[in-house]
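One structure below.
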Amino acid sequence: MSNRIAAIARTTAAHVKPVALPVLFSILMWASAAAGAVPIPGTPVPITLQTFVVMLAGLMLTPAQAAASVCLYLGAGAAGLPVFAGGMATASLVSPSGGFLIGFLPGVVVAALLKGAAKGRLTALRYFAACLAGCVVVVYAFGITMQSVMTGMPFTAVALASAGFIVGDLVKAAVAALAAAGISRL
């Protein structure tokens with residue numbers, strides 16, 4: 001009897017985990033936006049911990065799960081739930097900062113695809129590189145492009161205004177890479 005219960009528990013866990021993790025990370029994305037935002041002069045995009053959670057999702061989930069977590073988050077905002085920075089919802093997706101939010105989806109998938117297997121001594125370095133490629137380069141490409149188009153400002157001017165975020169995102173990428181590498185060893 002106990003073998004049967006254990007088998008049922010393993011089967012249930014195997015079916016629940018792939019769904020529960022994307023839901024958990026989408027909730028963490030909302031919580032990181034709700035925790036507060038730091039405005040940067042000269043740009044309508046605030047500093048939040050959303051990119052940190054997106055980085056963790058890319059490093060700790062499969063590409064499909066990571067994409068699902070961001071889709072759930074963006075879908076909640078598109079449906080009118082106040083999940084974005086400053087308690088914003090749908091309007092954020094079509095605002096000058098909307099490209100950064102939309103960029104989370106391809107960015108998290110790129111990071112999840114580039115992270116590789118969690119083995120060896122260079123795991124944290126590989127994770128850091130995956131975060132930079134996906135959650136910084138890809139997200140910034142979408143964000144800067146949309147902000148430039150929406151505001152009519154030259155791409156280079158928007159890129160320079162966004163440069164203030166890079167140091168923080170490098171720190172977030174390093175912390176996410178170290179945390180995910182450490183957790184993968186458990």
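The chains in the structure tokens are called A, B, ... from first to last as shown; in each chain the residues are counted from 1, and the ligands are counted from 1 in the order shown.
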Write out as a PDB file with N, CA and C atoms, in the first residue's frame each polymer residue whose atoms come within 10 Å of Leu93 of chain A, counting only C-alpha atoms; drop sequence neighbours fewer than 4 positions from it.
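See part.pdb below for the written result:
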```pdb
ATOM      1  N   LEU A  74       3.016  38.714 -18.378  1.00  0.00           N
ATOM      2  CA  LEU A  74       2.591  39.702 -19.369  1.00  0.00           C
ATOM      3  C   LEU A  74       1.092  39.600 -19.639  1.00  0.00           C
ATOM      4  N   GLY A  77      -0.886  41.327 -16.927  1.00  0.00           N
ATOM      5  CA  GLY A  77      -0.867  42.773 -17.128  1.00  0.00           C
ATOM      6  C   GLY A  77      -1.728  43.198 -18.304  1.00  0.00           C
ATOM      7  N   ALA A  78      -1.673  42.430 -19.389  1.00  0.00           N
ATOM      8  CA  ALA A  78      -2.488  42.749 -20.561  1.00  0.00           C
ATOM      9  C   ALA A  78      -3.976  42.625 -20.253  1.00  0.00           C
ATOM     10  N   PHE A  84       2.544  45.380 -13.153  1.00  0.00           N
ATOM     11  CA  PHE A  84       3.779  46.023 -13.585  1.00  0.00           C
ATOM     12  C   PHE A  84       4.201  47.104 -12.593  1.00  0.00           C
ATOM     13  N   MET A  88       0.917  49.459 -12.489  1.00  0.00           N
ATOM     14  CA  MET A  88       0.380  49.648 -13.838  1.00  0.00           C
ATOM     15  C   MET A  88      -0.052  48.314 -14.437  1.00  0.00           C
ATOM     16  N   ALA A  89      -0.852  48.409 -15.487  1.00  0.00           N
ATOM     17  CA  ALA A  89      -1.352  47.213 -16.167  1.00  0.00           C
ATOM     18  C   ALA A  89      -1.157  47.374 -17.669  1.00  0.00           C
ATOM     19  N   SER A  97       8.178  52.277 -21.977  1.00  0.00           N
ATOM     20  CA  SER A  97       8.897  51.192 -21.292  1.00  0.00           C
ATOM     21  C   SER A  97       8.370  49.811 -21.670  1.00  0.00           C
ATOM     22  N   GLY A  98       7.346  49.757 -22.490  1.00  0.00           N
ATOM     23  CA  GLY A  98       6.730  48.485 -22.861  1.00  0.00           C
ATOM     24  C   GLY A  98       7.656  47.524 -23.577  1.00  0.00           C
ATOM     25  N   GLY A  99       8.600  48.055 -24.332  1.00  0.00           N
ATOM     26  CA  GLY A  99       9.534  47.181 -25.043  1.00  0.00           C
ATOM     27  C   GLY A  99      10.390  46.358 -24.102  1.00  0.00           C
ATOM     28  N   PHE A 100      10.712  46.928 -22.944  1.00  0.00           N
ATOM     29  CA  PHE A 100      11.490  46.169 -21.966  1.00  0.00           C
ATOM     30  C   PHE A 100      10.653  45.005 -21.425  1.00  0.00           C
ATOM     31  N   LEU A 101       9.372  45.275 -21.136  1.00  0.00           N
ATOM     32  CA  LEU A 101       8.489  44.203 -20.666  1.00  0.00           C
ATOM     33  C   LEU A 101       8.316  43.126 -21.737  1.00  0.00           C
ATOM     34  N   ILE A 102       8.040  43.545 -22.961  1.00  0.00           N
ATOM     35  CA  ILE A 102       7.862  42.597 -24.055  1.00  0.00           C
ATOM     36  C   ILE A 102       9.162  41.830 -24.309  1.00  0.00           C
TER      37      ILE A 102
END
```
Segment 21-90 of chain A near segment 142-153 of chain A within 10 Å: what's each residue's closest atom pair and its distance in Å to one decimal, counting only C-alpha atoms, ordered by chain then ascending residue number, as JSON lines?
```
{"residue": "A:Thr43", "atom": "CA", "partner": "A:Gln147", "partner_atom": "CA", "distance": 9.2}
{"residue": "A:Pro44", "atom": "CA", "partner": "A:Gln147", "partner_atom": "CA", "distance": 8.9}
{"residue": "A:Val45", "atom": "CA", "partner": "A:Gly143", "partner_atom": "CA", "distance": 9.3}
```
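Our summary of the geometry notes that atom CA of Thr48 of chain A is positioned 7.3 Å from atom CA of Ala85 of chain A.
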Between segment 63-165 of chain A and segment 11-24 of chain A, at 9 Å or less, what are the per-residue closest atom pairs and their distances in Å? Count only C-alpha atoms, order by chain and rising residue number, and return it as JSON lines.
```
{"residue": "A:Gln65", "atom": "CA", "partner": "A:Pro22", "partner_atom": "CA", "distance": 5.5}
{"residue": "A:Ala66", "atom": "CA", "partner": "A:Pro22", "partner_atom": "CA", "distance": 6.4}
{"residue": "A:Ala67", "atom": "CA", "partner": "A:Pro22", "partner_atom": "CA", "distance": 8.2}
{"residue": "A:Ala68", "atom": "CA", "partner": "A:Pro22", "partner_atom": "CA", "distance": 5.9}
{"residue": "A:Ser69", "atom": "CA", "partner": "A:Pro22", "partner_atom": "CA", "distance": 4.1}
{"residue": "A:Val70", "atom": "CA", "partner": "A:Pro22", "partner_atom": "CA", "distance": 7.9}
{"residue": "A:Leu72", "atom": "CA", "partner": "A:Val23", "partner_atom": "CA", "distance": 7.3}
{"residue": "A:Tyr73", "atom": "CA", "partner": "A:Val23", "partner_atom": "CA", "distance": 8.6}
```
Residues near Pro41 of chain A, cut-off 12 Å, only C-alpha atoms, skip fewer than 4 positions along chain, as a PDB file with N, CA, C and O atoms, in the first residue's frame:
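Generated output (out.pdb):
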```pdb
ATOM      1  N   VAL A  45      11.662  54.565 -17.688  1.00  0.00           N
ATOM      2  CA  VAL A  45      11.782  53.191 -17.208  1.00  0.00           C
ATOM      3  C   VAL A  45      12.402  53.201 -15.813  1.00  0.00           C
ATOM      4  O   VAL A  45      13.521  53.692 -15.639  1.00  0.00           O
ATOM      5  N   PRO A  46      11.709  52.660 -14.807  1.00  0.00           N
ATOM      6  CA  PRO A  46      12.280  52.641 -13.448  1.00  0.00           C
ATOM      7  C   PRO A  46      13.153  51.404 -13.222  1.00  0.00           C
ATOM      8  O   PRO A  46      13.066  50.425 -13.967  1.00  0.00           O
ATOM      9  N   ILE A  47      13.972  51.456 -12.190  1.00  0.00           N
ATOM     10  CA  ILE A  47      14.733  50.277 -11.772  1.00  0.00           C
ATOM     11  C   ILE A  47      13.834  49.444 -10.873  1.00  0.00           C
ATOM     12  O   ILE A  47      13.256  49.959  -9.908  1.00  0.00           O
ATOM     13  N   ALA A 161      20.588  57.074 -22.490  1.00  0.00           N
ATOM     14  CA  ALA A 161      19.761  57.273 -21.298  1.00  0.00           C
ATOM     15  C   ALA A 161      19.570  55.953 -20.552  1.00  0.00           C
ATOM     16  O   ALA A 161      19.448  55.942 -19.324  1.00  0.00           O
ATOM     17  N   SER A 162      19.556  54.858 -21.280  1.00  0.00           N
ATOM     18  CA  SER A 162      19.369  53.534 -20.658  1.00  0.00           C
ATOM     19  C   SER A 162      20.657  52.989 -20.057  1.00  0.00           C
ATOM     20  O   SER A 162      20.622  51.994 -19.331  1.00  0.00           O
ATOM     21  N   ALA A 163      21.784  53.606 -20.362  1.00  0.00           N
ATOM     22  CA  ALA A 163      23.073  53.126 -19.863  1.00  0.00           C
ATOM     23  C   ALA A 163      23.134  53.111 -18.337  1.00  0.00           C
ATOM     24  O   ALA A 163      23.875  52.310 -17.752  1.00  0.00           O
ATOM     25  N   GLY A 164      22.344  53.951 -17.689  1.00  0.00           N
ATOM     26  CA  GLY A 164      22.321  53.983 -16.227  1.00  0.00           C
ATOM     27  C   GLY A 164      21.831  52.695 -15.595  1.00  0.00           C
ATOM     28  O   GLY A 164      22.068  52.431 -14.420  1.00  0.00           O
ATOM     29  N   PHE A 165      21.164  51.869 -16.375  1.00  0.00           N
ATOM     30  CA  PHE A 165      20.645  50.601 -15.864  1.00  0.00           C
ATOM     31  C   PHE A 165      21.664  49.465 -15.952  1.00  0.00           C
ATOM     32  O   PHE A 165      21.499  48.439 -15.313  1.00  0.00           O
TER      33      PHE A 165
END
```
For this session: Write out as number ranges by chain all residues of segment 18-152 of chain A that DSSP puts in alpha helix (DSSP H) for this structure's backbone.
Result: A: 18-34, 50-60, 63-78, 90-93, 98-114, 123-131, 139-151
Seminar exercise, completed: One decimal place gives the atom CA of Thr156 of chain A-atom CA of Gly86 of chain A separation as 26.7 Å
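Take the candidates A:Cys135, A:Trp30, A:Gly182, A:Leu125 and check each one against Ala112 of chain A using only C-alpha atoms; the shortest distance goes to A:Cys135.
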Exercise. Atom CA of Phe155 of chain A and atom CA of Pro96 of chain A are how many Å apart?
Worked result: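 Rounded to one decimal, the two atoms are 12.5 Å apart.
When only C-alpha atoms are used to compute distances to Ala34 of chain A, the closest of the residues A:Val83, A:Leu160, A:Ala173, A:Ala57 turns out to be A:Val83.
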Selection: 12 Å around Leu132 of chain A, only C-alpha atoms, excl. self and same-chain fewer than 2 positions, as a JSON list (two decimals) with all heavy atoms, in the first residue's frame:
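out.json, written as the output of this step:
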```json
[["chain", "number", "residue", "atom", "x", "y", "z"],
["A", 51, "THR", "N", 13.89, 42.33, -13.60],
["A", 51, "THR", "CA", 14.91, 41.70, -14.45],
["A", 51, "THR", "C", 15.66, 40.61, -13.69],
["A", 51, "THR", "O", 16.03, 39.60, -14.27],
["A", 51, "THR", "CB", 15.90, 42.73, -15.00],
["A", 51, "THR", "OG1", 16.40, 43.53, -13.92],
["A", 51, "THR", "CG2", 15.26, 43.62, -16.04],
["A", 52, "PHE", "N", 15.86, 40.79, -12.40],
["A", 52, "PHE", "CA", 16.51, 39.77, -11.58],
["A", 52, "PHE", "C", 15.68, 38.48, -11.58],
["A", 52, "PHE", "O", 16.22, 37.39, -11.76],
["A", 52, "PHE", "CB", 16.72, 40.29, -10.15],
["A", 52, "PHE", "CG", 17.30, 39.28, -9.22],
["A", 52, "PHE", "CD1", 18.62, 38.87, -9.36],
["A", 52, "PHE", "CD2", 16.54, 38.72, -8.21],
["A", 52, "PHE", "CE1", 19.17, 37.93, -8.49],
["A", 52, "PHE", "CE2", 17.08, 37.79, -7.34],
["A", 52, "PHE", "CZ", 18.40, 37.39, -7.48],
["A", 54, "VAL", "N", 13.42, 37.61, -13.81],
["A", 54, "VAL", "CA", 13.45, 37.07, -15.18],
["A", 54, "VAL", "C", 14.76, 36.29, -15.39],
["A", 54, "VAL", "O", 14.76, 35.20, -15.99],
["A", 54, "VAL", "CB", 13.27, 38.18, -16.23],
["A", 54, "VAL", "CG1", 13.51, 37.67, -17.63],
["A", 54, "VAL", "CG2", 11.87, 38.78, -16.11],
["A", 55, "MET", "N", 15.86, 36.81, -14.90],
["A", 55, "MET", "CA", 17.14, 36.11, -15.01],
["A", 55, "MET", "C", 17.09, 34.77, -14.29],
["A", 55, "MET", "O", 17.53, 33.75, -14.82],
["A", 55, "MET", "CB", 18.27, 36.97, -14.44],
["A", 55, "MET", "CG", 18.61, 38.17, -15.28],
["A", 55, "MET", "SD", 19.81, 39.23, -14.41],
["A", 55, "MET", "CE", 19.92, 40.60, -15.54],
["A", 58, "GLY", "N", 15.10, 32.27, -16.27],
["A", 58, "GLY", "CA", 15.87, 31.76, -17.39],
["A", 58, "GLY", "C", 16.90, 30.74, -16.98],
["A", 58, "GLY", "O", 17.19, 29.80, -17.72],
["A", 59, "LEU", "N", 17.46, 30.90, -15.79],
["A", 59, "LEU", "CA", 18.51, 30.00, -15.32],
["A", 59, "LEU", "C", 17.98, 28.76, -14.61],
["A", 59, "LEU", "O", 18.65, 27.74, -14.57],
["A", 59, "LEU", "CB", 19.46, 30.74, -14.38],
["A", 59, "LEU", "CG", 20.23, 31.90, -15.00],
["A", 59, "LEU", "CD1", 21.08, 32.59, -13.94],
["A", 59, "LEU", "CD2", 21.09, 31.43, -16.16],
["A", 107, "GLY", "N", 14.02, 37.36, -24.20],
["A", 107, "GLY", "CA", 15.22, 37.38, -23.36],
["A", 107, "GLY", "C", 15.32, 36.17, -22.44],
["A", 107, "GLY", "O", 16.38, 35.56, -22.32],
["A", 108, "VAL", "N", 14.21, 35.81, -21.81],
["A", 108, "VAL", "CA", 14.24, 34.67, -20.89],
["A", 108, "VAL", "C", 14.45, 33.36, -21.65],
["A", 108, "VAL", "O", 15.13, 32.45, -21.17],
["A", 108, "VAL", "CB", 12.98, 34.62, -19.99],
["A", 108, "VAL", "CG1", 11.77, 34.08, -20.73],
["A", 108, "VAL", "CG2", 13.23, 33.82, -18.72],
["A", 110, "VAL", "N", 16.16, 33.05, -24.52],
["A", 110, "VAL", "CA", 17.57, 33.03, -24.90],
["A", 110, "VAL", "C", 18.43, 32.61, -23.71],
["A", 110, "VAL", "O", 19.32, 31.76, -23.83],
["A", 110, "VAL", "CB", 18.02, 34.40, -25.47],
["A", 110, "VAL", "CG1", 19.53, 34.49, -25.58],
["A", 110, "VAL", "CG2", 17.36, 34.63, -26.82],
["A", 111, "ALA", "N", 18.18, 33.19, -22.55],
["A", 111, "ALA", "CA", 18.96, 32.83, -21.35],
["A", 111, "ALA", "C", 18.79, 31.36, -21.02],
["A", 111, "ALA", "O", 19.76, 30.66, -20.71],
["A", 111, "ALA", "CB", 18.54, 33.70, -20.17],
["A", 112, "ALA", "N", 17.56, 30.85, -21.08],
["A", 112, "ALA", "CA", 17.30, 29.44, -20.75],
["A", 112, "ALA", "C", 17.98, 28.51, -21.76],
["A", 112, "ALA", "O", 18.46, 27.44, -21.38],
["A", 112, "ALA", "CB", 15.80, 29.18, -20.71],
["A", 114, "LEU", "N", 20.75, 29.23, -23.50],
["A", 114, "LEU", "CA", 22.20, 29.36, -23.42],
["A", 114, "LEU", "C", 22.82, 28.84, -22.13],
["A", 114, "LEU", "O", 24.03, 28.64, -22.07],
["A", 114, "LEU", "CB", 22.60, 30.83, -23.60],
["A", 114, "LEU", "CG", 22.37, 31.44, -24.97],
["A", 114, "LEU", "CD1", 22.79, 32.91, -24.96],
["A", 114, "LEU", "CD2", 23.13, 30.68, -26.04],
["A", 115, "LYS", "N", 22.02, 28.65, -21.10],
["A", 115, "LYS", "CA", 22.60, 28.32, -19.78],
["A", 115, "LYS", "C", 23.33, 26.99, -19.77],
["A", 115, "LYS", "O", 24.29, 26.82, -19.03],
["A", 115, "LYS", "CB", 21.52, 28.33, -18.71],
["A", 115, "LYS", "CG", 20.57, 27.17, -18.81],
["A", 115, "LYS", "CD", 19.52, 27.19, -17.73],
["A", 115, "LYS", "CE", 18.56, 26.04, -17.95],
["A", 115, "LYS", "NZ", 17.39, 26.15, -17.15],
["A", 125, "LEU", "N", 29.80, 31.13, -14.33],
["A", 125, "LEU", "CA", 30.26, 32.00, -15.41],
["A", 125, "LEU", "C", 29.38, 31.83, -16.66],
["A", 125, "LEU", "O", 29.00, 32.80, -17.30],
["A", 125, "LEU", "CB", 31.72, 31.70, -15.74],
["A", 125, "LEU", "CG", 32.36, 32.60, -16.79],
["A", 125, "LEU", "CD1", 32.33, 34.06, -16.35],
["A", 125, "LEU", "CD2", 33.80, 32.16, -17.04],
["A", 126, "ARG", "N", 29.04, 30.58, -16.97],
["A", 126, "ARG", "CA", 28.16, 30.31, -18.12],
["A", 126, "ARG", "C", 26.77, 30.90, -17.86],
["A", 126, "ARG", "O", 26.16, 31.49, -18.75],
["A", 126, "ARG", "CB", 28.08, 28.80, -18.37],
["A", 126, "ARG", "CG", 27.50, 28.43, -19.70],
["A", 126, "ARG", "CD", 27.55, 26.94, -19.99],
["A", 126, "ARG", "NE", 26.84, 26.17, -18.98],
["A", 126, "ARG", "CZ", 27.41, 25.42, -18.04],
["A", 126, "ARG", "NH1", 28.71, 25.35, -17.95],
["A", 126, "ARG", "NH2", 26.68, 24.75, -17.17],
["A", 127, "TYR", "N", 26.28, 30.79, -16.64],
["A", 127, "TYR", "CA", 24.99, 31.37, -16.28],
["A", 127, "TYR", "C", 25.02, 32.90, -16.41],
["A", 127, "TYR", "O", 24.07, 33.51, -16.88],
["A", 127, "TYR", "CB", 24.60, 30.98, -14.86],
["A", 127, "TYR", "CG", 24.05, 29.58, -14.70],
["A", 127, "TYR", "CD1", 24.04, 28.66, -15.74],
["A", 127, "TYR", "CD2", 23.54, 29.17, -13.48],
["A", 127, "TYR", "CE1", 23.53, 27.38, -15.57],
["A", 127, "TYR", "CE2", 23.02, 27.90, -13.30],
["A", 127, "TYR", "CZ", 23.02, 27.01, -14.34],
["A", 127, "TYR", "OH", 22.51, 25.76, -14.18],
["A", 128, "PHE", "N", 26.12, 33.49, -15.97],
["A", 128, "PHE", "CA", 26.28, 34.94, -16.08],
["A", 128, "PHE", "C", 26.23, 35.37, -17.55],
["A", 128, "PHE", "O", 25.54, 36.33, -17.91],
["A", 128, "PHE", "CB", 27.59, 35.37, -15.43],
["A", 128, "PHE", "CG", 27.85, 36.85, -15.47],
["A", 128, "PHE", "CD1", 27.12, 37.73, -14.69],
["A", 128, "PHE", "CD2", 28.83, 37.38, -16.30],
["A", 128, "PHE", "CE1", 27.35, 39.10, -14.72],
["A", 128, "PHE", "CE2", 29.09, 38.74, -16.34],
["A", 128, "PHE", "CZ", 28.34, 39.60, -15.55],
["A", 129, "ALA", "N", 26.95, 34.64, -18.41],
["A", 129, "ALA", "CA", 26.95, 34.95, -19.84],
["A", 129, "ALA", "C", 25.55, 34.79, -20.44],
["A", 129, "ALA", "O", 25.12, 35.60, -21.27],
["A", 129, "ALA", "CB", 27.95, 34.07, -20.58],
["A", 130, "ALA", "N", 24.82, 33.77, -20.01],
["A", 130, "ALA", "CA", 23.45, 33.54, -20.50],
["A", 130, "ALA", "C", 22.54, 34.70, -20.08],
["A", 130, "ALA", "O", 21.72, 35.17, -20.88],
["A", 130, "ALA", "CB", 22.91, 32.21, -19.98],
["A", 134, "GLY", "N", 20.75, 37.07, -22.86],
["A", 134, "GLY", "CA", 19.29, 37.05, -22.94],
["A", 134, "GLY", "C", 18.61, 38.21, -22.23],
["A", 134, "GLY", "O", 17.82, 38.93, -22.82],
["A", 135, "CYS", "N", 18.96, 38.37, -20.98],
["A", 135, "CYS", "CA", 18.20, 39.30, -20.14],
["A", 135, "CYS", "C", 18.76, 40.71, -20.11],
["A", 135, "CYS", "O", 18.17, 41.59, -19.50],
["A", 135, "CYS", "CB", 18.09, 38.73, -18.73],
["A", 135, "CYS", "SG", 17.21, 37.15, -18.69],
["A", 136, "VAL", "N", 19.87, 40.93, -20.77],
["A", 136, "VAL", "CA", 20.38, 42.29, -20.90],
["A", 136, "VAL", "C", 20.37, 42.69, -22.39],
["A", 136, "VAL", "O", 19.63, 43.59, -22.77],
["A", 136, "VAL", "CB", 21.79, 42.47, -20.28],
["A", 136, "VAL", "CG1", 22.32, 43.87, -20.50],
["A", 136, "VAL", "CG2", 21.74, 42.16, -18.77],
["A", 137, "VAL", "N", 21.14, 42.00, -23.22],
["A", 137, "VAL", "CA", 21.24, 42.39, -24.63],
["A", 137, "VAL", "C", 19.89, 42.31, -25.33],
["A", 137, "VAL", "O", 19.46, 43.28, -25.97],
["A", 137, "VAL", "CB", 22.31, 41.53, -25.36],
["A", 137, "VAL", "CG1", 22.30, 41.82, -26.85],
["A", 137, "VAL", "CG2", 23.69, 41.79, -24.78],
["A", 138, "VAL", "N", 19.21, 41.18, -25.22],
["A", 138, "VAL", "CA", 17.93, 41.02, -25.94],
["A", 138, "VAL", "C", 16.87, 41.96, -25.36],
["A", 138, "VAL", "O", 16.16, 42.65, -26.12],
["A", 138, "VAL", "CB", 17.45, 39.55, -25.89],
["A", 138, "VAL", "CG1", 16.04, 39.42, -26.43],
["A", 138, "VAL", "CG2", 18.40, 38.65, -26.67],
["A", 139, "VAL", "N", 16.76, 42.02, -24.05],
["A", 139, "VAL", "CA", 15.74, 42.88, -23.43],
["A", 139, "VAL", "C", 16.00, 44.35, -23.76],
["A", 139, "VAL", "O", 15.09, 45.09, -24.12],
["A", 139, "VAL", "CB", 15.67, 42.65, -21.90],
["A", 139, "VAL", "CG1", 14.78, 43.69, -21.23],
["A", 139, "VAL", "CG2", 15.16, 41.24, -21.59],
["A", 140, "TYR", "N", 17.25, 44.77, -23.69],
["A", 140, "TYR", "CA", 17.58, 46.15, -24.02],
["A", 140, "TYR", "C", 17.30, 46.44, -25.50],
["A", 140, "TYR", "O", 16.86, 47.55, -25.84],
["A", 140, "TYR", "CB", 19.06, 46.45, -23.72],
["A", 140, "TYR", "CG", 19.32, 46.83, -22.29],
["A", 140, "TYR", "CD1", 19.02, 45.98, -21.24],
["A", 140, "TYR", "CD2", 19.89, 48.06, -21.98],
["A", 140, "TYR", "CE1", 19.28, 46.33, -19.93],
["A", 140, "TYR", "CE2", 20.16, 48.43, -20.67],
["A", 140, "TYR", "CZ", 19.84, 47.55, -19.65],
["A", 140, "TYR", "OH", 20.10, 47.90, -18.36],
["A", 166, "ILE", "N", 22.68, 49.63, -16.77],
["A", 166, "ILE", "CA", 23.58, 48.52, -17.08],
["A", 166, "ILE", "C", 24.33, 48.02, -15.86],
["A", 166, "ILE", "O", 24.43, 46.82, -15.63],
["A", 166, "ILE", "CB", 24.53, 48.89, -18.24],
["A", 166, "ILE", "CG1", 23.70, 49.01, -19.52],
["A", 166, "ILE", "CG2", 25.62, 47.85, -18.41],
["A", 166, "ILE", "CD1", 24.47, 49.48, -20.73],
["A", 167, "VAL", "N", 24.85, 48.92, -15.06],
["A", 167, "VAL", "CA", 25.61, 48.50, -13.86],
["A", 167, "VAL", "C", 24.71, 47.66, -12.95],
["A", 167, "VAL", "O", 25.11, 46.59, -12.48],
["A", 167, "VAL", "CB", 26.19, 49.71, -13.11],
["A", 167, "VAL", "CG1", 26.78, 49.29, -11.78],
["A", 167, "VAL", "CG2", 27.24, 50.40, -13.97],
["A", 168, "GLY", "N", 23.51, 48.13, -12.71],
["A", 168, "GLY", "CA", 22.57, 47.37, -11.87],
["A", 168, "GLY", "C", 22.24, 46.02, -12.46],
["A", 168, "GLY", "O", 22.15, 45.01, -11.74],
["A", 169, "ASP", "N", 22.07, 45.96, -13.78],
["A", 169, "ASP", "CA", 21.76, 44.68, -14.42],
["A", 169, "ASP", "C", 22.95, 43.74, -14.40],
["A", 169, "ASP", "O", 22.78, 42.52, -14.33],
["A", 169, "ASP", "CB", 21.24, 44.90, -15.84],
["A", 169, "ASP", "CG", 19.79, 45.38, -15.84],
["A", 169, "ASP", "OD1", 19.08, 45.14, -14.84],
["A", 169, "ASP", "OD2", 19.37, 45.98, -16.84],
["A", 170, "LEU", "N", 24.16, 44.27, -14.45],
["A", 170, "LEU", "CA", 25.35, 43.42, -14.32],
["A", 170, "LEU", "C", 25.41, 42.80, -12.92],
["A", 170, "LEU", "O", 25.72, 41.61, -12.77],
["A", 170, "LEU", "CB", 26.62, 44.21, -14.60],
["A", 170, "LEU", "CG", 26.84, 44.66, -16.04],
["A", 170, "LEU", "CD1", 28.07, 45.57, -16.13],
["A", 170, "LEU", "CD2", 26.98, 43.48, -16.97],
["A", 171, "VAL", "N", 25.09, 43.60, -11.91],
["A", 171, "VAL", "CA", 25.06, 43.09, -10.54],
["A", 171, "VAL", "C", 23.96, 42.03, -10.40],
["A", 171, "VAL", "O", 24.19, 40.96, -9.83],
["A", 171, "VAL", "CB", 24.87, 44.23, -9.52],
["A", 171, "VAL", "CG1", 24.63, 43.70, -8.11],
["A", 171, "VAL", "CG2", 26.08, 45.16, -9.54],
["A", 172, "LYS", "N", 22.77, 42.33, -10.93],
["A", 172, "LYS", "CA", 21.67, 41.35, -10.87],
["A", 172, "LYS", "C", 22.05, 40.06, -11.57],
["A", 172, "LYS", "O", 21.76, 38.96, -11.07],
["A", 172, "LYS", "CB", 20.41, 41.94, -11.52],
["A", 172, "LYS", "CG", 19.78, 43.08, -10.76],
["A", 172, "LYS", "CD", 18.60, 43.62, -11.56],
["A", 172, "LYS", "CE", 18.19, 45.00, -11.12],
["A", 172, "LYS", "NZ", 17.14, 45.57, -11.98],
["A", 173, "ALA", "N", 22.72, 40.17, -12.73],
["A", 173, "ALA", "CA", 23.12, 38.97, -13.47],
["A", 173, "ALA", "C", 24.13, 38.15, -12.67],
["A", 173, "ALA", "O", 24.05, 36.92, -12.64],
["A", 173, "ALA", "CB", 23.70, 39.36, -14.84],
["A", 174, "ALA", "N", 25.07, 38.82, -12.02],
["A", 174, "ALA", "CA", 26.07, 38.11, -11.21],
["A", 174, "ALA", "C", 25.41, 37.39, -10.04],
["A", 174, "ALA", "O", 25.69, 36.22, -9.77],
["A", 174, "ALA", "CB", 27.14, 39.08, -10.73],
["A", 176, "ALA", "N", 22.20, 36.52, -9.73],
["A", 176, "ALA", "CA", 21.33, 35.45, -10.25],
["A", 176, "ALA", "C", 22.16, 34.24, -10.67],
["A", 176, "ALA", "O", 21.78, 33.10, -10.38],
["A", 176, "ALA", "CB", 20.51, 35.97, -11.44],
["A", 177, "ALA", "N", 23.29, 34.47, -11.34],
["A", 177, "ALA", "CA", 24.14, 33.37, -11.79],
["A", 177, "ALA", "C", 24.71, 32.59, -10.61],
["A", 177, "ALA", "O", 24.69, 31.36, -10.60],
["A", 177, "ALA", "CB", 25.26, 33.91, -12.67]]
```
For this session: Compare A:Gly87, A:Ala157, A:Pro82, A:Arg121 by their minimum atom-to-atom distance to Gly36 of chain A, counting only C-alpha atoms, and give me the closest one.
Result: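 With only C-alpha atoms as the atom set, the closest residue is A:Gly87.
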